[in-house]
Amino acid sequence: MPAVAAPSAASVNAPTVNLTWTDTATTEIGFTIQRATDPNFTTGVRWANVTNPVATQPSTVSWVDRNVARNALYWYRVWAIGPEVGDIATPGFPTMSADSVSDPLFVQVGTPTTVPAPTNLSALWELGLSPRLTWTDNAINETGFVVERCSGLDCGNTATNFAALPGGAPAFTGGNGTGTVVYTDSTATTGFVYSYRVMAVNTTTGAQSIYSNTAPNVIDPALTSVPAAPTSVTVGPVGGPVVMNWTHAGGANLIDFTIQYASNATFTRGVGSVTAPAGSGAQSAAVPVTTLYYRIRANGPGGSSARTNASPFPLR
């Protein structure tokens, strides 16, 4: 069955809402109108059945909802109901009908004192960037959003841990229209774990929504990533003083370097080590001269890189 065109609110005059839609089906026997107080049609759901005054012909259909509250928000959608098919004359024989549904329509009646809450909050923290939050804005009467966060693993399990982002509320202005909102938390500190939640606010009326779902344990990837191994590693000269040279890109996931030396290639005899500070680009460090074999690794909060043998290996 062809889909029903999305309804439009021909007029909103509390306490009534006049819906009008285009019927593009030719086999429907009527319509079912669904109304809810949230965009997912899970709260305040009510149903109404309508008979098409011009049955089986493409036409414009209207319906008046006379049971609406002042200063409220509603979502509507329309189902075209197909005729029942199958052996309807035989008791117990299975039958079915083909139905179609329109896109939802948002209607604001008067000036609502509440603001629909954001939903589907998620957060992503990529290496070297700030956390990026994404959520669904379900309101058209908000003037902005308050983004709250807490720090620490599983901190979001306790509501009192949350606080608005530095800078005051609302931390993010804009919106006033449903859809997807993207926000970057530029105040995040590297090396932390955060949880986030969001609420929509109207600073003119003082109205605010309940909180969205929590986006938990958004971890700085520098805490879990392993740094790359050093490259272009050389050691010399023979007879000393011996210096190791290497190259590394550096980065937030680098803590320091461990230089290891030994008197055999398997690093089981005469083993020792020195630590070199983190850095990027070409680097060097003095190493003991009473050995033949040298290697180096990079260390980070997520672990250590593979070791790179210094050339020549051994130093002779």
# chains A, B, ... in the order shown; residues from 1 in each chain; ligands from 1
call {"tool": "residues_around", "arguments": {"residues": "Arg66 of chain A", "least_positions_apart": "2", "cutoff": "8 Å", "atoms": "only C-alpha atoms", "output": "mmCIF file with N, CA and C atoms, in the first residue's frame"}}
result
data_model
loop_
_atom_site.group_PDB
_atom_site.id
_atom_site.type_symbol
_atom_site.label_atom_id
_atom_site.label_comp_id
_atom_site.auth_asym_id
_atom_site.auth_seq_id
_atom_site.Cartn_x
_atom_site.Cartn_y
_atom_site.Cartn_z
ATOM 1 N N PRO A 15 -8.244 24.418 22.823
ATOM 2 C CA PRO A 15 -7.736 23.060 23.015
ATOM 3 C C PRO A 15 -7.978 22.124 21.828
ATOM 4 N N THR A 16 -7.725 22.546 20.590
ATOM 5 C CA THR A 16 -7.884 21.661 19.435
ATOM 6 C C THR A 16 -6.667 21.753 18.525
ATOM 7 N N VAL A 17 -6.412 20.636 17.807
ATOM 8 C CA VAL A 17 -5.394 20.586 16.759
ATOM 9 C C VAL A 17 -6.058 19.995 15.529
ATOM 10 N N VAL A 64 -9.801 16.446 13.507
ATOM 11 C CA VAL A 64 -9.617 17.404 14.582
ATOM 12 C C VAL A 64 -9.419 16.662 15.897
ATOM 13 N N VAL A 68 -6.696 17.998 23.537
ATOM 14 C CA VAL A 68 -5.306 18.387 23.759
ATOM 15 C C VAL A 68 -5.236 19.353 24.934
#
call {"tool": "residues_around", "arguments": {"residues": "Ser209 of chain A", "least_positions_apart": "3", "cutoff": "6 Å", "atoms": "only C-alpha atoms", "output": "list of chain:residue names"}}
result
A:Val115, A:Pro116, A:Ala117, A:Met199, A:Ala200
call {"tool": "residues_around", "arguments": {"residues": "segment 234-250 of chain A", "least_positions_apart": "5", "cutoff": "9 Å", "atoms": "only C-alpha atoms", "output": "list in words"}}
result
Pro227, Ala228, Ala229, Ile255, Ile259, Ala278, Gly279, Ser280, Gly281, Ala282, Gln283, Ser284, Ala285, Ala286, Val287, Pro288, Val289, Tyr294, Ile296, Ala298, Asn309, Ala310, Ser311, Pro312, Phe313, Leu315 and Arg316 of chain A
call {"tool": "residues_around", "arguments": {"residues": "segment 215-217 of chain A", "least_positions_apart": "5", "cutoff": "7 Å", "atoms": "only C-alpha atoms", "output": "MDAnalysis selection string"}}
result
chainID A and resid 121:123 153:154 156 193:197
call {"tool": "select_by_dssp", "arguments": {"residues": "segment 109-253 of chain A", "states": "strand (DSSP E or B)", "output": "PyMOL selection string"}}
result
chain A and resi 109+119-124+132-137+144-151+163-164+172-173+179-184+193-202+207-208+215-219+231-236+242-248
call {"tool": "residues_around", "arguments": {"residues": "Gly300 of chain A", "least_positions_apart": "4", "cutoff": "12 Å", "atoms": "only C-alpha atoms", "output": "PyMOL selection string"}}
result
chain A and resi 191+221-229+250-258+277-278+304-306
call {"tool": "residues_around", "arguments": {"residues": "Tyr76 of chain A", "least_positions_apart": "6", "cutoff": "8 Å", "atoms": "only C-alpha atoms", "output": "ChimeraX atom specification"}}
result
/A:7,33-36,104-107
call {"tool": "write_last_selection", "arguments": {"atoms": "N, CA, C and O atoms", "output": "PDB file, in the first residue's frame"}}
result
ATOM      1  N   PRO A   7       1.350  14.241   7.899  1.00  0.00           N
ATOM      2  CA  PRO A   7       0.297  15.222   8.165  1.00  0.00           C
ATOM      3  C   PRO A   7       0.881  16.594   8.441  1.00  0.00           C
ATOM      4  O   PRO A   7       2.039  16.737   8.818  1.00  0.00           O
ATOM      5  N   ILE A  33      -4.938   7.293  13.701  1.00  0.00           N
ATOM      6  CA  ILE A  33      -4.056   8.391  14.088  1.00  0.00           C
ATOM      7  C   ILE A  33      -3.469   8.073  15.455  1.00  0.00           C
ATOM      8  O   ILE A  33      -4.200   7.731  16.391  1.00  0.00           O
ATOM      9  N   GLN A  34      -2.166   8.177  15.544  1.00  0.00           N
ATOM     10  CA  GLN A  34      -1.479   7.932  16.810  1.00  0.00           C
ATOM     11  C   GLN A  34      -0.885   9.246  17.309  1.00  0.00           C
ATOM     12  O   GLN A  34      -0.260   9.986  16.543  1.00  0.00           O
ATOM     13  N   ARG A  35      -1.092   9.529  18.574  1.00  0.00           N
ATOM     14  CA  ARG A  35      -0.548  10.733  19.201  1.00  0.00           C
ATOM     15  C   ARG A  35       0.254  10.334  20.425  1.00  0.00           C
ATOM     16  O   ARG A  35      -0.121   9.416  21.155  1.00  0.00           O
ATOM     17  N   ALA A  36       1.376  11.033  20.649  1.00  0.00           N
ATOM     18  CA  ALA A  36       2.216  10.741  21.812  1.00  0.00           C
ATOM     19  C   ALA A  36       2.827  12.037  22.321  1.00  0.00           C
ATOM     20  O   ALA A  36       2.789  13.074  21.655  1.00  0.00           O
ATOM     21  N   PRO A 104       6.347  11.239  11.287  1.00  0.00           N
ATOM     22  CA  PRO A 104       5.713  11.933  12.416  1.00  0.00           C
ATOM     23  C   PRO A 104       5.660  13.444  12.212  1.00  0.00           C
ATOM     24  O   PRO A 104       6.464  14.023  11.482  1.00  0.00           O
ATOM     25  N   LEU A 105       4.705  14.076  12.874  1.00  0.00           N
ATOM     26  CA  LEU A 105       4.547  15.528  12.857  1.00  0.00           C
ATOM     27  C   LEU A 105       4.599  16.036  14.286  1.00  0.00           C
ATOM     28  O   LEU A 105       3.925  15.509  15.172  1.00  0.00           O
ATOM     29  N   PHE A 106       5.413  17.070  14.514  1.00  0.00           N
ATOM     30  CA  PHE A 106       5.523  17.682  15.838  1.00  0.00           C
ATOM     31  C   PHE A 106       4.601  18.895  15.909  1.00  0.00           C
ATOM     32  O   PHE A 106       4.582  19.724  14.994  1.00  0.00           O
ATOM     33  N   VAL A 107       3.836  19.015  17.002  1.00  0.00           N
ATOM     34  CA  VAL A 107       2.898  20.119  17.185  1.00  0.00           C
ATOM     35  C   VAL A 107       3.101  20.717  18.572  1.00  0.00           C
ATOM     36  O   VAL A 107       3.143  19.988  19.572  1.00  0.00           O
TER      37      VAL A 107
END
